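What follows is the content of data.cif (mmCIF, C-alpha atoms and all ligand atoms).
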```
data_my_file
#
loop_
_atom_site.label_atom_id
_atom_site.label_comp_id
_atom_site.auth_asym_id
_atom_site.auth_seq_id
_atom_site.Cartn_x
_atom_site.Cartn_y
_atom_site.Cartn_z
CA TRP U 211 8.21 -39.43 -63.14
CA PRO U 212 9.66 -35.93 -63.36
CA LEU U 213 9.67 -34.38 -59.91
CA GLN U 214 9.04 -30.66 -59.97
CA PRO U 215 9.54 -28.98 -56.58
CA ARG U 216 7.36 -25.87 -56.56
CA LYS U 217 9.90 -23.59 -55.01
CA ILE U 218 13.48 -22.57 -55.48
CA LEU U 219 16.03 -24.69 -53.69
CA ARG U 220 16.67 -22.53 -50.69
CA ALA U 221 15.61 -24.51 -47.65
CA THR U 222 16.53 -27.86 -46.16
CA THR U 223 13.16 -29.33 -47.10
CA HIS U 224 13.70 -28.56 -50.77
CA THR U 225 17.27 -29.81 -50.96
CA ASP U 226 16.34 -32.92 -49.00
CA LEU U 227 13.60 -33.67 -51.50
CA VAL U 228 16.01 -33.41 -54.43
CA VAL U 229 18.76 -35.44 -52.73
CA ARG U 230 16.35 -38.26 -51.86
CA ALA U 231 14.80 -38.27 -55.33
CA LYS U 232 18.21 -38.42 -57.03
CA LYS U 233 19.31 -41.25 -54.73
CA MET U 234 16.17 -43.15 -55.76
CA GLY U 235 17.08 -42.58 -59.40
CA VAL U 236 14.15 -40.22 -59.97
CA GLU U 237 14.64 -37.56 -62.61
CA VAL U 238 14.56 -34.11 -61.04
CA LYS U 239 13.55 -31.00 -62.92
CA ILE U 240 13.61 -27.67 -61.09
CA VAL U 241 10.93 -25.16 -61.99
CA HIS U 242 11.99 -21.79 -60.60
CA ASN U 243 9.32 -19.81 -58.85
CA ALA U 244 8.70 -16.62 -56.89
CA SER U 245 9.43 -16.76 -53.20
CA VAL U 246 9.04 -14.52 -50.19
CA MET U 247 12.86 -14.66 -50.07
CA ASN U 248 13.08 -12.36 -53.07
CA ALA U 249 9.61 -10.77 -52.99
CA VAL U 250 10.68 -9.09 -49.75
CA GLY U 251 12.89 -6.92 -51.95
CA ILE U 252 9.77 -4.75 -52.45
CA CYS U 253 10.63 -2.81 -49.28
CA GLY U 254 13.93 -1.59 -50.74
CA LEU U 255 16.30 -3.34 -48.37
CA GLN U 256 18.92 -4.89 -50.61
CA LEU U 257 18.82 -8.66 -50.74
CA TYR U 258 22.57 -9.09 -50.44
CA ARG U 259 22.52 -7.15 -47.17
CA TYR U 260 20.48 -9.86 -45.39
CA GLY U 261 21.90 -12.40 -42.98
CA GLU U 262 20.42 -15.77 -42.07
CA THR U 263 16.62 -15.96 -42.26
CA VAL U 264 14.84 -17.03 -39.08
CA SER U 265 11.49 -18.68 -38.41
CA ILE U 266 9.47 -17.60 -35.40
CA PRO U 267 7.20 -20.28 -33.94
CA PHE U 268 4.09 -19.59 -31.84
CA PHE U 269 4.89 -19.62 -28.12
CA THR U 270 2.76 -21.87 -25.95
CA ASP U 271 2.42 -21.92 -22.16
CA THR U 272 5.08 -24.59 -21.95
CA TRP U 273 7.17 -24.09 -25.10
CA ARG U 274 8.85 -20.73 -25.70
CA PRO U 275 11.80 -21.45 -28.00
CA ASP U 276 14.24 -18.59 -28.59
CA SER U 277 16.99 -20.06 -30.76
CA PHE U 278 16.28 -17.49 -33.48
CA TYR U 279 17.45 -14.75 -31.10
CA GLU U 280 21.13 -15.71 -31.55
CA LYS U 281 20.81 -15.57 -35.33
CA ILE U 282 19.24 -12.12 -35.17
CA ARG U 283 22.03 -11.00 -32.84
CA GLU U 284 24.71 -12.33 -35.21
CA ASN U 285 23.04 -10.65 -38.19
CA ARG U 286 22.77 -7.33 -36.40
CA ASN U 287 26.37 -7.50 -35.19
CA LEU U 288 27.36 -7.81 -38.84
CA GLY U 289 25.04 -4.96 -39.83
CA LEU U 290 22.80 -7.35 -41.77
CA HIS U 291 19.01 -7.38 -42.04
CA THR U 292 17.01 -10.38 -40.77
CA LEU U 293 13.97 -11.77 -42.56
CA CYS U 294 11.64 -13.35 -40.00
CA LEU U 295 9.22 -15.93 -41.40
CA LEU U 296 6.22 -16.37 -39.16
CA ASP U 297 4.62 -19.58 -37.97
CA ILE U 298 1.71 -21.19 -39.81
CA ARG U 299 -0.27 -23.82 -37.95
CA VAL U 300 -2.58 -25.66 -40.28
CA LYS U 301 -4.05 -29.14 -39.82
CA GLU U 302 -2.79 -29.40 -36.25
CA PRO U 303 -4.63 -32.23 -34.48
CA THR U 304 -6.24 -31.17 -31.20
CA LEU U 305 -4.78 -32.66 -28.03
CA GLU U 306 -8.15 -34.23 -27.27
CA SER U 307 -8.38 -35.94 -30.64
CA LEU U 308 -4.84 -37.30 -30.24
CA CYS U 309 -5.86 -38.88 -26.95
CA ARG U 310 -9.03 -40.32 -28.46
CA GLY U 311 -7.30 -41.46 -31.64
CA ARG U 312 -9.81 -39.49 -33.72
CA LYS U 313 -8.82 -36.83 -36.28
CA ASP U 314 -10.02 -33.40 -35.16
CA TYR U 315 -8.03 -30.36 -36.11
CA GLU U 316 -7.38 -26.98 -34.54
CA PRO U 317 -8.58 -24.02 -36.63
CA PRO U 318 -5.72 -22.75 -38.85
CA ARG U 319 -3.55 -20.05 -37.30
CA TYR U 320 -1.15 -17.67 -39.01
CA MET U 321 1.22 -15.58 -36.92
CA THR U 322 0.74 -11.85 -37.27
CA ILE U 323 3.52 -9.28 -37.29
CA ASN U 324 2.14 -8.04 -33.96
CA THR U 325 2.46 -11.43 -32.28
CA ALA U 326 5.96 -11.87 -33.70
CA ILE U 327 7.04 -8.51 -32.26
CA GLU U 328 5.46 -9.29 -28.87
CA GLN U 329 7.40 -12.57 -28.74
CA LEU U 330 10.63 -10.91 -29.91
CA LEU U 331 10.32 -8.25 -27.21
CA GLU U 332 9.56 -10.87 -24.58
CA ILE U 333 12.83 -12.59 -25.46
CA ALA U 334 14.71 -9.28 -25.50
CA GLN U 335 13.64 -8.73 -21.90
CA THR U 336 15.46 -11.90 -20.84
CA ARG U 337 18.79 -10.63 -22.26
CA GLU U 338 21.06 -8.15 -20.51
CA GLU U 339 22.04 -6.29 -23.64
CA SER U 340 19.51 -7.19 -26.24
CA ALA U 341 20.36 -7.26 -29.94
CA TYR U 342 17.25 -5.14 -30.56
CA THR U 343 14.74 -3.10 -28.59
CA GLU U 344 11.27 -1.70 -29.15
CA ASP U 345 13.00 1.22 -30.89
CA THR U 346 14.69 -0.97 -33.52
CA GLU U 347 13.68 -0.18 -37.10
CA CYS U 348 11.74 -2.95 -38.82
CA VAL U 349 9.58 -3.49 -41.85
CA GLY U 350 6.30 -5.36 -41.64
CA LEU U 351 5.09 -6.93 -44.88
CA ALA U 352 1.71 -8.55 -45.41
CA ARG U 353 0.39 -10.44 -48.44
CA ILE U 354 3.37 -9.44 -50.62
CA GLY U 355 2.54 -9.70 -54.29
CA SER U 356 -1.21 -9.36 -53.89
CA GLU U 357 -3.28 -6.30 -54.82
CA ASP U 358 -3.77 -5.37 -51.16
CA GLN U 359 -0.21 -5.99 -50.00
CA MET U 360 0.91 -3.85 -47.07
CA VAL U 361 4.45 -2.69 -46.35
CA VAL U 362 5.12 -0.49 -43.32
CA ALA U 363 8.47 0.63 -41.94
CA GLY U 364 8.76 1.71 -38.34
CA THR U 365 10.08 0.79 -34.94
CA MET U 366 8.87 -2.40 -33.29
CA LYS U 367 6.85 -0.21 -30.93
CA GLN U 368 5.14 1.53 -33.86
CA LEU U 369 4.46 -1.62 -35.86
CA LEU U 370 2.86 -3.22 -32.79
CA LEU U 371 -0.03 -0.76 -33.17
CA ILE U 372 -0.72 -1.52 -36.83
CA ASP U 373 -3.37 -3.89 -38.10
CA PHE U 374 -1.77 -5.66 -41.06
CA GLY U 375 -4.92 -7.59 -41.91
CA ALA U 376 -5.16 -11.04 -43.42
CA PRO U 377 -2.17 -13.44 -43.67
CA LEU U 378 0.53 -14.03 -44.75
CA HIS U 379 2.78 -11.73 -42.75
CA CYS U 380 6.54 -11.48 -42.39
CA LEU U 381 8.89 -9.08 -40.63
CA VAL U 382 12.31 -7.68 -41.43
CA ILE U 383 14.55 -6.46 -38.62
CA THR U 384 16.93 -3.99 -40.19
CA GLY U 385 20.67 -4.05 -39.78
CA LYS U 386 22.85 -1.17 -40.90
CA THR U 387 21.00 0.69 -43.62
CA HIS U 388 22.47 2.29 -46.74
CA PRO U 389 21.24 5.84 -47.56
CA LEU U 390 19.45 4.53 -50.64
CA GLU U 391 17.69 1.88 -48.53
CA GLU U 392 16.64 4.68 -46.15
CA GLU U 393 15.21 6.64 -49.06
CA MET U 394 13.13 3.64 -50.10
CA LEU U 395 11.99 3.00 -46.53
CA ASP U 396 10.78 6.60 -46.33
CA PHE U 397 8.04 5.70 -48.80
CA TYR U 398 6.77 3.10 -46.35
CA ARG U 399 7.50 4.92 -43.11
CA CYS U 400 4.77 4.79 -40.49
CA ARG U 401 3.54 8.26 -39.53
CA THR U 402 2.23 7.56 -36.00
C1 LIG U 501 7.58 -21.58 -44.51
S1 LIG U 501 7.74 -20.02 -45.27
C2 LIG U 501 7.75 -20.62 -46.90
C3 LIG U 501 7.55 -19.65 -47.90
C4 LIG U 501 7.44 -20.10 -49.35
N1 LIG U 501 7.86 -21.44 -49.54
C5 LIG U 501 8.25 -19.11 -50.16
O1 LIG U 501 9.42 -19.40 -50.43
O2 LIG U 501 7.69 -18.06 -50.45
C6 LIG U 501 6.15 -19.35 -45.00
C7 LIG U 501 6.24 -17.97 -44.41
O3 LIG U 501 6.79 -17.09 -45.39
C8 LIG U 501 6.18 -15.80 -45.24
N2 LIG U 501 5.48 -15.49 -46.47
C9 LIG U 501 5.29 -16.31 -47.55
N3 LIG U 501 4.63 -15.68 -48.53
C10 LIG U 501 4.38 -14.41 -48.07
C11 LIG U 501 3.73 -13.27 -48.61
N4 LIG U 501 3.20 -13.29 -49.84
N5 LIG U 501 3.67 -12.14 -47.86
C12 LIG U 501 4.21 -12.09 -46.63
N6 LIG U 501 4.85 -13.14 -46.07
C13 LIG U 501 4.93 -14.28 -46.77
C14 LIG U 501 5.23 -15.87 -44.06
O4 LIG U 501 5.90 -15.46 -42.89
C15 LIG U 501 4.91 -17.36 -44.05
O5 LIG U 501 4.45 -17.76 -42.80
#
```
Represent the structure of the file as structure tokens.
Amino acid sequence: WPLQPRKILRATTHTDLVVRAKKMGVEVKIVHNASVMNAVGICGLQLYRYGETVSIPFFTDTWRPDSFYEKIRENRNLGLHTLCLLDIRVKEPTLESLCRGRKDYEPPRYMTINTAIEQLLEIAQTREESAYTEDTECVGLARIGSEDQMVVAGTMKQLLLIDFGAPLHCLVITGKTHPLEEEMLDFYRCRT
């Protein structure tokens, strides 16, 4: 039974899968694949100038986690860019159905760049000296790799006004940029 994880081994889930398979004596064969982790290179920010990637979950009325803020702060202190992966909520059982023991699911939801920025700015407001502000340069990327992919560079404030269309979306918060990176970003710069 050759196990072929679809993606490169870059996240805990992938490594965990391999470790458990090997412990069970299952043969593991890695088939390398494209990933947002390298496809994001399209915007011209150099991959080796990124710090730790963060995931931004949807806020709810009662759950507003902000642990990713510290990672963004550390990255920016080191002058590194931060790739923000945005929440996907698919096949989430409704609260009602959980209570009734019946399987009903919420409609699928994919976080937009706009929602991610709103949440990031909400967190920034709770910090005295935030690691980023609405004037921080970012790059919004939607549907990378598809014919209608969208890449726009601009401040958080500017990107908030852009409709990036259908999922999937991700966001890069820039660190210290190299002149060549700036030249590349100019091709994507938002003109509003
Ligand atoms: C849990 S991550 C896993 C990504 C996938 N396993 C990979 O390595 O490409 C999913 C998130 O990555 C980002 N993402 C994946 N593919 C994307 C694409 N083509 N364009 C923009 N963002 C993408 C989105 O933020 C999405 O919510």
Between chain U and ligand LIG 501 (chain U), at 9 Å or less, what are the per-residue closest atom pairs and their distances in Å? Count all atoms listed in the file, order by chain and rising residue number, and return it as JSON lines.
```
{"residue": "U:Arg216", "atom": "CA", "partner": "U:LIG501", "partner_atom": "N1", "distance": 8.3}
{"residue": "U:Lys217", "atom": "CA", "partner": "U:LIG501", "partner_atom": "N1", "distance": 6.2}
{"residue": "U:Ile218", "atom": "CA", "partner": "U:LIG501", "partner_atom": "O1", "distance": 7.2}
{"residue": "U:Arg220", "atom": "CA", "partner": "U:LIG501", "partner_atom": "O1", "distance": 7.9}
{"residue": "U:Ala221", "atom": "CA", "partner": "U:LIG501", "partner_atom": "O1", "distance": 8.5}
{"residue": "U:Asn243", "atom": "CA", "partner": "U:LIG501", "partner_atom": "O1", "distance": 8.4}
{"residue": "U:Ala244", "atom": "CA", "partner": "U:LIG501", "partner_atom": "O2", "distance": 6.7}
{"residue": "U:Ser245", "atom": "CA", "partner": "U:LIG501", "partner_atom": "O2", "distance": 3.5}
{"residue": "U:Val246", "atom": "CA", "partner": "U:LIG501", "partner_atom": "O2", "distance": 3.8}
{"residue": "U:Met247", "atom": "CA", "partner": "U:LIG501", "partner_atom": "O1", "distance": 5.9}
{"residue": "U:Asn248", "atom": "CA", "partner": "U:LIG501", "partner_atom": "O2", "distance": 8.3}
{"residue": "U:Ala249", "atom": "CA", "partner": "U:LIG501", "partner_atom": "N4", "distance": 7.6}
{"residue": "U:Val250", "atom": "CA", "partner": "U:LIG501", "partner_atom": "C12", "distance": 7.8}
{"residue": "U:Ser265", "atom": "CA", "partner": "U:LIG501", "partner_atom": "C1", "distance": 7.8}
{"residue": "U:Ile266", "atom": "CA", "partner": "U:LIG501", "partner_atom": "O4", "distance": 8.6}
{"residue": "U:Leu293", "atom": "CA", "partner": "U:LIG501", "partner_atom": "O4", "distance": 8.9}
{"residue": "U:Cys294", "atom": "CA", "partner": "U:LIG501", "partner_atom": "O4", "distance": 6.8}
{"residue": "U:Leu295", "atom": "CA", "partner": "U:LIG501", "partner_atom": "O4", "distance": 3.7}
{"residue": "U:Leu296", "atom": "CA", "partner": "U:LIG501", "partner_atom": "O4", "distance": 3.9}
{"residue": "U:Asp297", "atom": "CA", "partner": "U:LIG501", "partner_atom": "O5", "distance": 5.2}
{"residue": "U:Ile298", "atom": "CA", "partner": "U:LIG501", "partner_atom": "O5", "distance": 5.3}
{"residue": "U:Tyr320", "atom": "CA", "partner": "U:LIG501", "partner_atom": "O5", "distance": 6.8}
{"residue": "U:Met321", "atom": "CA", "partner": "U:LIG501", "partner_atom": "O5", "distance": 7.1}
{"residue": "U:Thr322", "atom": "CA", "partner": "U:LIG501", "partner_atom": "O4", "distance": 8.4}
{"residue": "U:Ile323", "atom": "CA", "partner": "U:LIG501", "partner_atom": "O4", "distance": 8.7}
{"residue": "U:Gly350", "atom": "CA", "partner": "U:LIG501", "partner_atom": "C12", "distance": 8.6}
{"residue": "U:Leu351", "atom": "CA", "partner": "U:LIG501", "partner_atom": "C12", "distance": 5.5}
{"residue": "U:Ala352", "atom": "CA", "partner": "U:LIG501", "partner_atom": "C12", "distance": 4.5}
{"residue": "U:Arg353", "atom": "CA", "partner": "U:LIG501", "partner_atom": "N5", "distance": 3.7}
{"residue": "U:Ile354", "atom": "CA", "partner": "U:LIG501", "partner_atom": "N5", "distance": 3.9}
{"residue": "U:Gly355", "atom": "CA", "partner": "U:LIG501", "partner_atom": "N4", "distance": 5.8}
{"residue": "U:Ser356", "atom": "CA", "partner": "U:LIG501", "partner_atom": "N4", "distance": 7.2}
{"residue": "U:Gln359", "atom": "CA", "partner": "U:LIG501", "partner_atom": "N5", "distance": 7.6}
{"residue": "U:Met360", "atom": "CA", "partner": "U:LIG501", "partner_atom": "N5", "distance": 8.8}
{"residue": "U:Pro377", "atom": "CA", "partner": "U:LIG501", "partner_atom": "C12", "distance": 7.2}
{"residue": "U:Leu378", "atom": "CA", "partner": "U:LIG501", "partner_atom": "C12", "distance": 4.6}
{"residue": "U:His379", "atom": "CA", "partner": "U:LIG501", "partner_atom": "C12", "distance": 4.2}
{"residue": "U:Cys380", "atom": "CA", "partner": "U:LIG501", "partner_atom": "O4", "distance": 4.1}
{"residue": "U:Leu381", "atom": "CA", "partner": "U:LIG501", "partner_atom": "O4", "distance": 7.4}
```
Got a sec: who's within 8 Å of stretch 384-389 of chain U, counting all atoms listed in the file, leaving out chain neighbours fewer than 2 positions off, as a PDB file with C-alpha atoms, in the coordinates of the input?
```
ATOM      1  CA  LEU U 255      16.300  -3.340 -48.370  1.00  0.00           C
ATOM      2  CA  ASN U 285      23.040 -10.650 -38.190  1.00  0.00           C
ATOM      3  CA  ARG U 286      22.770  -7.330 -36.400  1.00  0.00           C
ATOM      4  CA  LEU U 288      27.360  -7.810 -38.840  1.00  0.00           C
ATOM      5  CA  GLY U 289      25.040  -4.960 -39.830  1.00  0.00           C
ATOM      6  CA  LEU U 290      22.800  -7.350 -41.770  1.00  0.00           C
ATOM      7  CA  HIS U 291      19.010  -7.380 -42.040  1.00  0.00           C
ATOM      8  CA  THR U 292      17.010 -10.380 -40.770  1.00  0.00           C
ATOM      9  CA  THR U 346      14.690  -0.970 -33.520  1.00  0.00           C
ATOM     10  CA  GLU U 347      13.680  -0.180 -37.100  1.00  0.00           C
ATOM     11  CA  CYS U 348      11.740  -2.950 -38.820  1.00  0.00           C
ATOM     12  CA  VAL U 349       9.580  -3.490 -41.850  1.00  0.00           C
ATOM     13  CA  VAL U 382      12.310  -7.680 -41.430  1.00  0.00           C
ATOM     14  CA  GLU U 391      17.690   1.880 -48.530  1.00  0.00           C
ATOM     15  CA  GLU U 392      16.640   4.680 -46.150  1.00  0.00           C
ATOM     16  CA  GLU U 393      15.210   6.640 -49.060  1.00  0.00           C
TER      17      GLU U 393
END
```
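Taking atom CA of U:Lys233 and atom CA of U:Thr263 as the two end points, the separation is 28.3 Å.
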When distances are computed from all atoms listed in the file, which of U:Thr325, U:Arg299, U:Arg274, U:Ile240 shows the smallest separation from U:Leu227?
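Among the listed residues, U:Ile240 lies closest to U:Leu227.
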Hey, what's within 10 Å of U:Thr402 if we count only C-alpha atoms and toss same-chain stuff fewer than 5 positions away? As JSON, numbers by chain, please?
{"U": [364, 368, 369, 371, 372]}
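Distances to U:Tyr279 were evaluated for U:Ile383, U:Val236, U:Val300, U:Val228 using only C-alpha atoms, and the minimum falls at U:Ile383.
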Between atom CA of U:Thr343 and atom CA of U:Lys367, what is the distance, to one decimal in Å?
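We find that atom CA of U:Thr343 and atom CA of U:Lys367 lie 8.7 Å from each other.
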Atomic distance atom CA of U:Cys253 - atom CA of U:Met394, expressed in Å with one decimal:
7.0 Å
For U:Ile327, the closest of U:Tyr258, U:Pro303, U:Met366, U:Ala341 counting all atoms listed in the file is U:Met366
